[in-house]
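A.B. asks: My questions will all concern the structure given below.
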Amino acid sequence: MDIPIITQELAERIEQHENDALLSRMLNIQGLPGNPLGVEIRQFGGSAAFIVRGAPHLELSRVTGLSDADIGQIGELLDWFRMQHLNPSIDLSPYRSGESLLRALAERGCYQSRFLTVLYGRPNPEPPSPPAGVKVKEYPPHALDEFASLVVNIDQIPELDQNLWKKVMQAQFEGWRCYVGFVSGNPAAHGVMRVHSGVAITMFAATRPEYRNFGCQTALLRQRIYDAALSQCDLVTCSAHPTSVSQRNQERAGLRVAYTKAVWSFLSSIP
């Protein structure tokens, strides 16, 4: 693939689509009857903040799009989360975050807790060839039962909560493309893709432990990259923890590191 050199403009485009993808998911979950997960969305300057009261363990309470221009909003933003007794993940792009912003966060009790690698590339128009015994299937939006069942299985959702979480899984990816990887006919792994304005974002990938190392995630990724090409996208993006198996799979599929995000948290005891 002929991958363009990363520039400020390209990085901004990637980051905006990443943020829009999360907003799409949160709006879809919020739109469920009765808002069962207690999703709340607020804007603080140019940043968006999300609270998901019903799923604090999934790290869905996040802040995206924060930049130097939002320094004056940081106090109000953090107070909003502290009143909810939630500690969000604050995603910071190196292209939007200067020393003044980092210092302002630190002065309010925040600290950098981890990193996240963002990768990008050109969609590949060559049909993928999955490993022997591995098959990838895409599910239409009106038939996501098997996809949702696999997700709750991998996430080990208690049986009493499974019906709700199946609805959540189906709702949050409305308008997305959902895939399942099979090993010898058994549902083994899942992944999703959002196509919007020429950009395909791949995410939400996981594999059942007993089917790891069969090549499911690589097969799912290559299928989505191919489908992005068929959808006339000129860019495909994804993210992974640095040096993880996911990042290695993404690089083997031809993607390149765009930048590394800093993920910040805050000490809830700090006033």
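Each chain in the structure tokens gets a letter, A, B and so on, in the order shown; residues start at 1 in every chain, and ligands are counted from 1 in the order they appear.
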If you run DSSP on the backbone here, which positions in region 49-146 of chain A get alpha helix (DSSP H)? Please write them as a list in words.
C.D. replies: Ile74, Gly75, Glu76, Leu77, Leu78, Asp79, Trp80, Phe81, Arg82, Met83, Glu99, Ser100, Leu101, Leu102, Arg103, Ala104, Leu105, Ala106, Glu107, Asp145 and Glu146 of chain A
A.B. asks: Per residue of region 86-120 of chain A within 7 Å of region 244-265 of chain A, record the nearest atom pair and its distance in Å to one decimal, counting only C-alpha atoms, with rows in chain order and ascending residue number, as a tab-separated table.
C.D. replies:
```
residue	atom	partner	partner_atom	distance
A:Asn87	CA	A:Ser265	CA	6.5
A:Pro88	CA	A:Ser265	CA	6.3
A:Ser89	CA	A:Ser265	CA	5.6
A:Ile90	CA	A:Trp264	CA	4.9
A:Asp91	CA	A:Val263	CA	4.7
A:Leu92	CA	A:Ala262	CA	5.2
A:Ser93	CA	A:Lys261	CA	5.0
A:Pro94	CA	A:Lys261	CA	6.4
A:Cys110	CA	A:Ser265	CA	5.5
A:Tyr111	CA	A:Trp264	CA	5.5
A:Gln112	CA	A:Trp264	CA	4.2
A:Ser113	CA	A:Trp264	CA	5.3
A:Arg114	CA	A:Val263	CA	5.3
A:Phe115	CA	A:Ala262	CA	4.8
A:Leu116	CA	A:Lys261	CA	5.0
A:Thr117	CA	A:Thr260	CA	4.4
A:Val118	CA	A:Tyr259	CA	5.5
A:Leu119	CA	A:Val257	CA	4.3
A:Tyr120	CA	A:Leu255	CA	5.3
```
A.B. asks: Skipping near chain neighbours, those fewer than 3 positions away, what residues fall within 12 Å of Asp79 (chain A) using only C-alpha atoms, listed as a ChimeraX atom specification?
C.D. replies: /A:44,49,73-76,82-88,108-109,266-271
A.B. asks: How would the residues just chosen look if you wrote them out with C-alpha atoms as a PDB file, in the first residue's frame?
C.D. replies:
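Final file, out_39.pdb:
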```pdb
ATOM      1  CA  PHE A  44     -16.384  21.460  27.336  1.00  0.00           C
ATOM      2  CA  ALA A  49     -16.918  14.183  27.670  1.00  0.00           C
ATOM      3  CA  GLN A  73     -12.600  24.370  30.832  1.00  0.00           C
ATOM      4  CA  ILE A  74     -10.481  21.797  32.679  1.00  0.00           C
ATOM      5  CA  GLY A  75     -11.683  22.637  36.201  1.00  0.00           C
ATOM      6  CA  GLU A  76     -15.361  22.371  35.280  1.00  0.00           C
ATOM      7  CA  ARG A  82     -15.725  13.851  40.358  1.00  0.00           C
ATOM      8  CA  MET A  83     -19.354  14.574  41.225  1.00  0.00           C
ATOM      9  CA  GLN A  84     -20.223  11.298  39.478  1.00  0.00           C
ATOM     10  CA  HIS A  85     -17.399   9.451  41.345  1.00  0.00           C
ATOM     11  CA  LEU A  86     -15.906   8.444  38.013  1.00  0.00           C
ATOM     12  CA  ASN A  87     -12.324   8.651  36.795  1.00  0.00           C
ATOM     13  CA  PRO A  88     -12.357   9.046  33.000  1.00  0.00           C
ATOM     14  CA  ARG A 108      -5.361  19.723  38.944  1.00  0.00           C
ATOM     15  CA  GLY A 109      -4.235  16.294  40.107  1.00  0.00           C
ATOM     16  CA  PHE A 266      -6.892  11.967  37.733  1.00  0.00           C
ATOM     17  CA  LEU A 267      -6.679  11.377  41.477  1.00  0.00           C
ATOM     18  CA  SER A 268     -10.258  11.628  42.701  1.00  0.00           C
ATOM     19  CA  SER A 269      -9.017  12.683  46.141  1.00  0.00           C
ATOM     20  CA  ILE A 270      -7.510  15.881  44.749  1.00  0.00           C
ATOM     21  CA  PRO A 271      -9.897  18.834  45.381  1.00  0.00           C
TER      22      PRO A 271
END
```
A.B. asks: Quick check, in Å to one decimal: how far apart do CA of Cys238 (chain A) and CA of Phe173 (chain A) lie?
C.D. replies: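 Between these atoms lies a distance of 16.0 Å.
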A.B. asks: Region 21-68 of chain A: which residues are strand (DSSP E) by DSSP, as a list in words?
C.D. replies: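 Going through region 21-68 of chain A, the strand (DSSP E) residues come out as Val39, Glu40, Ile41, Arg42, Gln43, Phe44, Ser47, Ala48, Ala49, Phe50, Ile51, Val52, Arg62, Val63 and Thr64 of chain A.
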A.B. asks: So which residues touch Asp68 (chain A) within 10 Å, counting only C-alpha atoms, skipping near sequence neighbours fewer than 2 positions away, as a ChimeraX atom specification?
C.D. replies: /A:46,66,70-72,96-102,104
A.B. asks: Dump C-alpha atoms for the selected residues as a PDB file, in the first residue's frame?
C.D. replies:
```
ATOM      1  CA  GLY A  46     -13.741  21.854  21.908  1.00  0.00           C
ATOM      2  CA  LEU A  66      -9.019  18.219  24.550  1.00  0.00           C
ATOM      3  CA  ASP A  70      -9.684  24.192  26.380  1.00  0.00           C
ATOM      4  CA  ILE A  71      -7.443  24.936  29.369  1.00  0.00           C
ATOM      5  CA  GLY A  72     -10.085  27.243  30.842  1.00  0.00           C
ATOM      6  CA  ARG A  96      -3.236  19.012  20.000  1.00  0.00           C
ATOM      7  CA  SER A  97      -1.525  18.980  23.392  1.00  0.00           C
ATOM      8  CA  GLY A  98       1.148  21.474  24.330  1.00  0.00           C
ATOM      9  CA  GLU A  99       3.065  22.009  27.558  1.00  0.00           C
ATOM     10  CA  SER A 100       0.471  24.467  28.868  1.00  0.00           C
ATOM     11  CA  LEU A 101      -2.301  21.864  28.669  1.00  0.00           C
ATOM     12  CA  LEU A 102      -0.197  19.141  30.270  1.00  0.00           C
ATOM     13  CA  ALA A 104      -2.767  22.524  33.672  1.00  0.00           C
TER      14      ALA A 104
END
```
A.B. asks: Taking 3 positions as the minimum chain separation for residues in the same chain, which residues sit within 9 Å of Pro209 (chain A) when counting only C-alpha atoms? Answer as a ChimeraX atom specification.
C.D. replies: /A:154,188,212
A.B. asks: How many Å separate CA of Arg53 (chain A) from CA of Tyr139 (chain A)?
C.D. replies: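 Going from CA of Arg53 (chain A) over to CA of Tyr139 (chain A) covers 29.0 Å.
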A.B. asks: Restrict the calculation to only C-alpha atoms, then for each residue of region 211-241 of chain A with any atom at most 9 Å from an atom of region 124-131 of chain A give the closest atom pair and their distance in Å to one decimal, rows by chain and rising residue number, as a Markdown table.
C.D. replies:
```
| residue | atom | partner | partner_atom | distance |
| --- | --- | --- | --- | --- |
| A:Phe214 | CA | A:Pro131 | CA | 7.7 |
| A:Gly215 | CA | A:Pro131 | CA | 6.5 |
| A:Cys216 | CA | A:Pro130 | CA | 8.1 |
| A:Thr218 | CA | A:Pro130 | CA | 8.1 |
| A:Ala219 | CA | A:Pro130 | CA | 5.2 |
| A:Leu220 | CA | A:Pro130 | CA | 8.6 |
| A:Arg222 | CA | A:Pro128 | CA | 6.0 |
| A:Gln223 | CA | A:Pro128 | CA | 6.1 |
| A:Ile225 | CA | A:Asn124 | CA | 5.9 |
| A:Tyr226 | CA | A:Asn124 | CA | 5.2 |
| A:Asp227 | CA | A:Pro125 | CA | 8.0 |
| A:Ala228 | CA | A:Asn124 | CA | 7.9 |
| A:Ala229 | CA | A:Pro125 | CA | 5.3 |
| A:Leu230 | CA | A:Pro125 | CA | 6.9 |
```
A.B. asks: Of the candidates A:Gln232, A:Thr202, A:Thr243, A:Asn213, which one gets nearest to Arg177 (chain A) if we count only C-alpha atoms?
C.D. replies: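 Answer, going by the shortest atom-to-atom distance: A:Thr202.
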A.B. asks: Nearest to Arg42 (chain A): which of A:Leu160, A:Ser184, A:Ser61, A:Arg13 is it, counting only C-alpha atoms?
C.D. replies: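 Ranking A:Leu160, A:Ser184, A:Ser61, A:Arg13 by distance to Arg42 (chain A), first place goes to A:Ser61.
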A.B. asks: Could you list, as number ranges by chain, every residue within 7 Å of Glu40 (chain A), counting only C-alpha atoms and ignoring same-chain residues fewer than 2 positions away?
C.D. replies: A: 38, 42, 50-52
A.B. asks: Kindly indicate which residue among A:Gln43, A:Asn163, A:Gln30, A:Gln16 lies nearest to Ile201 (chain A), using only C-alpha atoms for the distances.
C.D. replies: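 Answer, going by the shortest atom-to-atom distance: A:Gln16.
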